[in-house]
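Undergrad: First the structure, which I've put down as structure tokens, then a few questions once you've had a look.
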Amino acid sequence: MAFTRCIVLEMNVAAVSKQEEASSAWNFSLLFLNLYFFVTNHAFQIEKAFEESISLSTTGYFKGYQTNMDWEKEEGHAFPYFIYGVACSEVEVDCLTGAHKLLRTDIFMDAAFSINPAVDIGQVEGGFIQGMGLYTTEELKYSPEGVLYSRGTNDYKIPAVAEIPEEFYVTLVHSQNPIAIYSSKGLGEAGMFLGSSVFFAIQDAVTAARRERGLTTTFTLNSPATPELIRMNCMDQFTEMIPRDDPSTFTPWSIRVS
């Protein structure tokens with residue numbers, strides 16, 4: 001009896017499996033037909049519009065919000081509203097190599113009433129990473145005659161996946177903006193300047209290292225804070241071994257312009 005039931009069960013499973021395969025094949029055929037008719041119909045409509053010289057594109061313009069800025073008297077407000085934000089970053093600096101690691105960043109951004117929080121958070125994150133690159137890695141080289149050497153990403157370092165904070169938190173703060181649609185604000189890449197928090201965190205870390213070594217905490221750290229600059233400001237017996245050239249004895253191949 002058990003053997004008979006087993007055979008019947010196997011036959012039922014096989015029948016169900018064949019039925020599912022047939023259903024799957026039919027669904028795929030139906031999907032292909034729908035896609036074919038969709039493309040064919042649209043191709044026909046596009047061809048018909050082309051023959052009758054009907055444009056299938058559209059263009060819109062936005063002249064901007066009304067402002068009350070008097071440029072001659074330099075009074076008033078040049079922008080209809082402003083966006084506010086704050087960021088706090090935590091870094092770890094290797095004083096022996098000058099490399100740094102961004103451990104955590106917290107950002108609070110005034111988004112008023114965000115229409116699409118996912119888009120706004122993505123814009124804030126992207127703008128922050130761009131700013132971080134601007135203040136830490138993207139070093140521009142100019143010739144003494146003012147010719148820009150580093151003209152593309154092949155000539156300077158942009159942030160990559162490894163530079164993204166290990167912990168990255170963005171909070172959208174609600175406020176009122178009565179002049180915009182749905183009381184929203186156009187964030188764009190407003191978080192770009194907040195990337196400077198990484199630069200100042202590096203400066204604080206270098207200051208702490210110099211204080212531990214009994215050095216003065218007053219020093220100049222230019223932006224971008226590249227590993228070379230970080231290493232040279234973390235002064236020790238090794239940096240003292242590097243000879244200092246007399247600027248009057250040579251022509252530099254590149255100069256700083258900022």
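FYI, nothing fancy with the structure tokens labels: chains A, B, ... in order, residues from 1 per chain, ligands from 1 as they appear.
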Give me the stretch 96-157 of chain A side of the contact with stretch 194-209 of chain A, cut-off 8 Å, one line per residue showing its nearest atom pair and distance in Å at one decimal, counting only C-alpha atoms, sorted by chain and residue number, as JSON lines.
TA:
```
{"residue": "A:His100", "atom": "CA", "partner": "A:Ile202", "partner_atom": "CA", "distance": 7.6}
{"residue": "A:Leu102", "atom": "CA", "partner": "A:Val198", "partner_atom": "CA", "distance": 7.4}
{"residue": "A:Gly127", "atom": "CA", "partner": "A:Gly195", "partner_atom": "CA", "distance": 8.0}
{"residue": "A:Phe128", "atom": "CA", "partner": "A:Gly195", "partner_atom": "CA", "distance": 4.9}
{"residue": "A:Ile129", "atom": "CA", "partner": "A:Gly195", "partner_atom": "CA", "distance": 6.5}
{"residue": "A:Gln130", "atom": "CA", "partner": "A:Gly195", "partner_atom": "CA", "distance": 7.3}
{"residue": "A:Gly131", "atom": "CA", "partner": "A:Gly195", "partner_atom": "CA", "distance": 4.3}
{"residue": "A:Met132", "atom": "CA", "partner": "A:Gly195", "partner_atom": "CA", "distance": 4.2}
{"residue": "A:Gly133", "atom": "CA", "partner": "A:Gly195", "partner_atom": "CA", "distance": 7.7}
{"residue": "A:Leu134", "atom": "CA", "partner": "A:Gly195", "partner_atom": "CA", "distance": 7.9}
{"residue": "A:Tyr135", "atom": "CA", "partner": "A:Phe199", "partner_atom": "CA", "distance": 6.0}
{"residue": "A:Thr136", "atom": "CA", "partner": "A:Phe199", "partner_atom": "CA", "distance": 6.3}
```
Undergrad: Output all heavy atoms for every residue in that selection, as a PDB file, in the first residue's frame.
TA:
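This went into again21.pdb:
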```pdb
ATOM      1  N   HIS A 100      44.550  59.188   5.992  1.00  0.00           N
ATOM      2  CA  HIS A 100      43.472  59.350   6.960  1.00  0.00           C
ATOM      3  C   HIS A 100      42.306  58.447   6.570  1.00  0.00           C
ATOM      4  O   HIS A 100      42.143  58.087   5.408  1.00  0.00           O
ATOM      5  CB  HIS A 100      43.007  60.807   7.036  1.00  0.00           C
ATOM      6  CG  HIS A 100      42.161  61.234   5.868  1.00  0.00           C
ATOM      7  ND1 HIS A 100      42.697  61.705   4.690  1.00  0.00           N
ATOM      8  CD2 HIS A 100      40.812  61.264   5.703  1.00  0.00           C
ATOM      9  CE1 HIS A 100      41.735  62.003   3.855  1.00  0.00           C
ATOM     10  NE2 HIS A 100      40.576  61.745   4.433  1.00  0.00           N
ATOM     11  N   LEU A 102      38.099  58.137   7.152  1.00  0.00           N
ATOM     12  CA  LEU A 102      36.865  58.759   7.635  1.00  0.00           C
ATOM     13  C   LEU A 102      36.001  57.684   8.289  1.00  0.00           C
ATOM     14  O   LEU A 102      35.511  56.775   7.619  1.00  0.00           O
ATOM     15  CB  LEU A 102      36.126  59.425   6.476  1.00  0.00           C
ATOM     16  CG  LEU A 102      34.802  60.118   6.808  1.00  0.00           C
ATOM     17  CD1 LEU A 102      34.997  61.141   7.926  1.00  0.00           C
ATOM     18  CD2 LEU A 102      34.233  60.788   5.568  1.00  0.00           C
ATOM     19  N   GLY A 127      26.641  65.306  -2.472  1.00  0.00           N
ATOM     20  CA  GLY A 127      27.287  66.599  -2.332  1.00  0.00           C
ATOM     21  C   GLY A 127      28.367  66.590  -1.265  1.00  0.00           C
ATOM     22  O   GLY A 127      29.424  67.199  -1.428  1.00  0.00           O
ATOM     23  N   PHE A 128      28.111  65.866  -0.173  1.00  0.00           N
ATOM     24  CA  PHE A 128      29.108  65.786   0.892  1.00  0.00           C
ATOM     25  C   PHE A 128      30.376  65.092   0.409  1.00  0.00           C
ATOM     26  O   PHE A 128      31.490  65.558   0.682  1.00  0.00           O
ATOM     27  CB  PHE A 128      28.525  65.034   2.095  1.00  0.00           C
ATOM     28  CG  PHE A 128      29.517  64.786   3.189  1.00  0.00           C
ATOM     29  CD1 PHE A 128      29.784  65.769   4.131  1.00  0.00           C
ATOM     30  CD2 PHE A 128      30.212  63.588   3.271  1.00  0.00           C
ATOM     31  CE1 PHE A 128      30.710  65.563   5.141  1.00  0.00           C
ATOM     32  CE2 PHE A 128      31.137  63.372   4.268  1.00  0.00           C
ATOM     33  CZ  PHE A 128      31.387  64.357   5.207  1.00  0.00           C
ATOM     34  N   ILE A 129      30.227  63.984  -0.315  1.00  0.00           N
ATOM     35  CA  ILE A 129      31.400  63.262  -0.806  1.00  0.00           C
ATOM     36  C   ILE A 129      32.185  64.123  -1.796  1.00  0.00           C
ATOM     37  O   ILE A 129      33.427  64.118  -1.804  1.00  0.00           O
ATOM     38  CB  ILE A 129      30.982  61.931  -1.449  1.00  0.00           C
ATOM     39  CG1 ILE A 129      30.331  61.017  -0.400  1.00  0.00           C
ATOM     40  CG2 ILE A 129      32.173  61.233  -2.072  1.00  0.00           C
ATOM     41  CD1 ILE A 129      31.234  60.668   0.766  1.00  0.00           C
ATOM     42  N   GLN A 130      31.481  64.885  -2.622  1.00  0.00           N
ATOM     43  CA  GLN A 130      32.178  65.804  -3.534  1.00  0.00           C
ATOM     44  C   GLN A 130      32.984  66.832  -2.747  1.00  0.00           C
ATOM     45  O   GLN A 130      34.141  67.132  -3.080  1.00  0.00           O
ATOM     46  CB  GLN A 130      31.173  66.514  -4.432  1.00  0.00           C
ATOM     47  CG  GLN A 130      30.530  65.618  -5.476  1.00  0.00           C
ATOM     48  CD  GLN A 130      29.613  66.408  -6.399  1.00  0.00           C
ATOM     49  OE1 GLN A 130      29.908  67.538  -6.781  1.00  0.00           O
ATOM     50  NE2 GLN A 130      28.487  65.816  -6.753  1.00  0.00           N
ATOM     51  N   GLY A 131      32.366  67.400  -1.713  1.00  0.00           N
ATOM     52  CA  GLY A 131      33.065  68.377  -0.899  1.00  0.00           C
ATOM     53  C   GLY A 131      34.250  67.774  -0.169  1.00  0.00           C
ATOM     54  O   GLY A 131      35.295  68.412  -0.027  1.00  0.00           O
ATOM     55  N   MET A 132      34.088  66.546   0.294  1.00  0.00           N
ATOM     56  CA  MET A 132      35.200  65.863   0.954  1.00  0.00           C
ATOM     57  C   MET A 132      36.386  65.723   0.003  1.00  0.00           C
ATOM     58  O   MET A 132      37.543  65.932   0.387  1.00  0.00           O
ATOM     59  CB  MET A 132      34.755  64.480   1.441  1.00  0.00           C
ATOM     60  CG  MET A 132      35.824  63.690   2.158  1.00  0.00           C
ATOM     61  SD  MET A 132      35.289  62.009   2.516  1.00  0.00           S
ATOM     62  CE  MET A 132      35.214  61.332   0.855  1.00  0.00           C
ATOM     63  N   GLY A 133      36.118  65.373  -1.242  1.00  0.00           N
ATOM     64  CA  GLY A 133      37.193  65.290  -2.228  1.00  0.00           C
ATOM     65  C   GLY A 133      37.831  66.640  -2.488  1.00  0.00           C
ATOM     66  O   GLY A 133      39.054  66.756  -2.622  1.00  0.00           O
ATOM     67  N   LEU A 134      37.002  67.678  -2.535  1.00  0.00           N
ATOM     68  CA  LEU A 134      37.511  69.035  -2.776  1.00  0.00           C
ATOM     69  C   LEU A 134      38.476  69.458  -1.681  1.00  0.00           C
ATOM     70  O   LEU A 134      39.511  70.085  -1.961  1.00  0.00           O
ATOM     71  CB  LEU A 134      36.338  70.013  -2.849  1.00  0.00           C
ATOM     72  CG  LEU A 134      36.680  71.499  -2.951  1.00  0.00           C
ATOM     73  CD1 LEU A 134      37.378  71.802  -4.269  1.00  0.00           C
ATOM     74  CD2 LEU A 134      35.423  72.346  -2.803  1.00  0.00           C
ATOM     75  N   TYR A 135      38.188  69.097  -0.426  1.00  0.00           N
ATOM     76  CA  TYR A 135      38.982  69.574   0.707  1.00  0.00           C
ATOM     77  C   TYR A 135      40.084  68.614   1.135  1.00  0.00           C
ATOM     78  O   TYR A 135      40.892  68.972   1.998  1.00  0.00           O
ATOM     79  CB  TYR A 135      38.070  69.862   1.898  1.00  0.00           C
ATOM     80  CG  TYR A 135      37.130  71.017   1.674  1.00  0.00           C
ATOM     81  CD1 TYR A 135      35.760  70.803   1.550  1.00  0.00           C
ATOM     82  CD2 TYR A 135      37.607  72.320   1.572  1.00  0.00           C
ATOM     83  CE1 TYR A 135      34.889  71.856   1.335  1.00  0.00           C
ATOM     84  CE2 TYR A 135      36.735  73.375   1.352  1.00  0.00           C
ATOM     85  CZ  TYR A 135      35.375  73.136   1.235  1.00  0.00           C
ATOM     86  OH  TYR A 135      34.529  74.185   1.017  1.00  0.00           O
ATOM     87  N   THR A 136      40.140  67.414   0.565  1.00  0.00           N
ATOM     88  CA  THR A 136      41.133  66.451   1.065  1.00  0.00           C
ATOM     89  C   THR A 136      42.001  65.809  -0.014  1.00  0.00           C
ATOM     90  O   THR A 136      43.155  65.461   0.278  1.00  0.00           O
ATOM     91  CB  THR A 136      40.443  65.321   1.853  1.00  0.00           C
ATOM     92  OG1 THR A 136      39.533  64.615   0.991  1.00  0.00           O
ATOM     93  CG2 THR A 136      39.676  65.866   3.045  1.00  0.00           C
TER      94      THR A 136
END
```
Undergrad: Residues at most 9 Å from stretch 64-76 of chain A, counting only C-alpha atoms, excluding those fewer than 2 positions away in the same chain, as a list of chain:residue names?
TA: A:Phe62, A:Ala78, A:Phe79, A:Pro80, A:Ile179, A:Ala180
Undergrad: Determine the nearest neighbour of A:Thr153 from the options A:Glu167, A:Glu52, A:Asp236, A:Glu138, counting only C-alpha atoms.
TA: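 So, comparing all the options, the nearest one is A:Glu138.
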Undergrad: Would you mind reading off the distance between atom CA of A:Arg244 and atom CA of A:Tyr142, one decimal, in Å?
TA: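 One can read the atom CA of A:Arg244 to atom CA of A:Tyr142 distance as 21.1 Å.
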Undergrad: Would you return as a list in words the members of stretch 10-232 of chain A that DSSP assigns to strand (DSSP E) on this structure's backbone?
TA: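 Selecting the strand (DSSP E) positions of stretch 10-232 of chain A gives Gly85, Val86, Ala87, Cys88, Ser89, Glu90, Val91, Glu92, Val93, His100, Lys101, Leu102, Leu103, Arg104, Thr105, Asp106, Ile107, Phe108, Met109, Asp110, Glu167, Phe168, Tyr169, Val170, Thr171, Leu172 and Val173 of chain A.
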Undergrad: Using DSSP assignments from the backbone, pull out every residue in stretch 28-220 of chain A that falls under helix (DSSP H, G or I) and give it to me as a PyMOL selection string.
TA: chain A and resi 28-51+117-136+161-163+181-183+190-212
Undergrad: Rounded to one decimal place, report the atom CA of A:Lys141-atom CA of A:Cys234 distance in Å.
TA: 23.2 Å
Undergrad: Counting only C-alpha atoms, which residue out of A:Pro144, A:Gly152, A:Gly126, A:Gly188 sits closest to A:Pro252?
TA: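 For A:Pro252, the nearest of the candidates is A:Pro144.
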Undergrad: Would you work out the distance separating atom CA of A:Gly146 from atom CA of A:Asp245, expressed in Å to one decimal?
TA: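 Separation between atom CA of A:Gly146 and atom CA of A:Asp245: 22.1 Å.
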Undergrad: Using only C-alpha atoms, which of A:Leu187, A:Met232, A:Val124, A:Val91 sits nearest A:Glu163?
TA: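 The shortest atom-to-atom distance to A:Glu163 comes from A:Val91.
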Undergrad: Quick one: of A:Ser254, A:Phe193, A:Asn177, A:Thr59, who's nearest to A:Glu125, counting only C-alpha atoms?
TA: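 Counting only C-alpha atoms, the residue closest to A:Glu125 is A:Phe193.
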Undergrad: Nearest to A:Asn154: which of A:Gly214, A:Glu139, A:Ser89, A:Val173 is it, counting only C-alpha atoms?
TA: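 Closest to A:Asn154, using only C-alpha atoms: A:Glu139.
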Undergrad: Pick out the residues sitting within 12 Å of A:Thr239, and hand them over as a list in words; count only C-alpha atoms, and ignore anything fewer than 6 positions along from it in its own chain.
TA: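 That gives Cys95, Leu96, Thr97, Gly98, Glu228, Leu229, Ile230, Arg231, Met232 and Asn233 of chain A.
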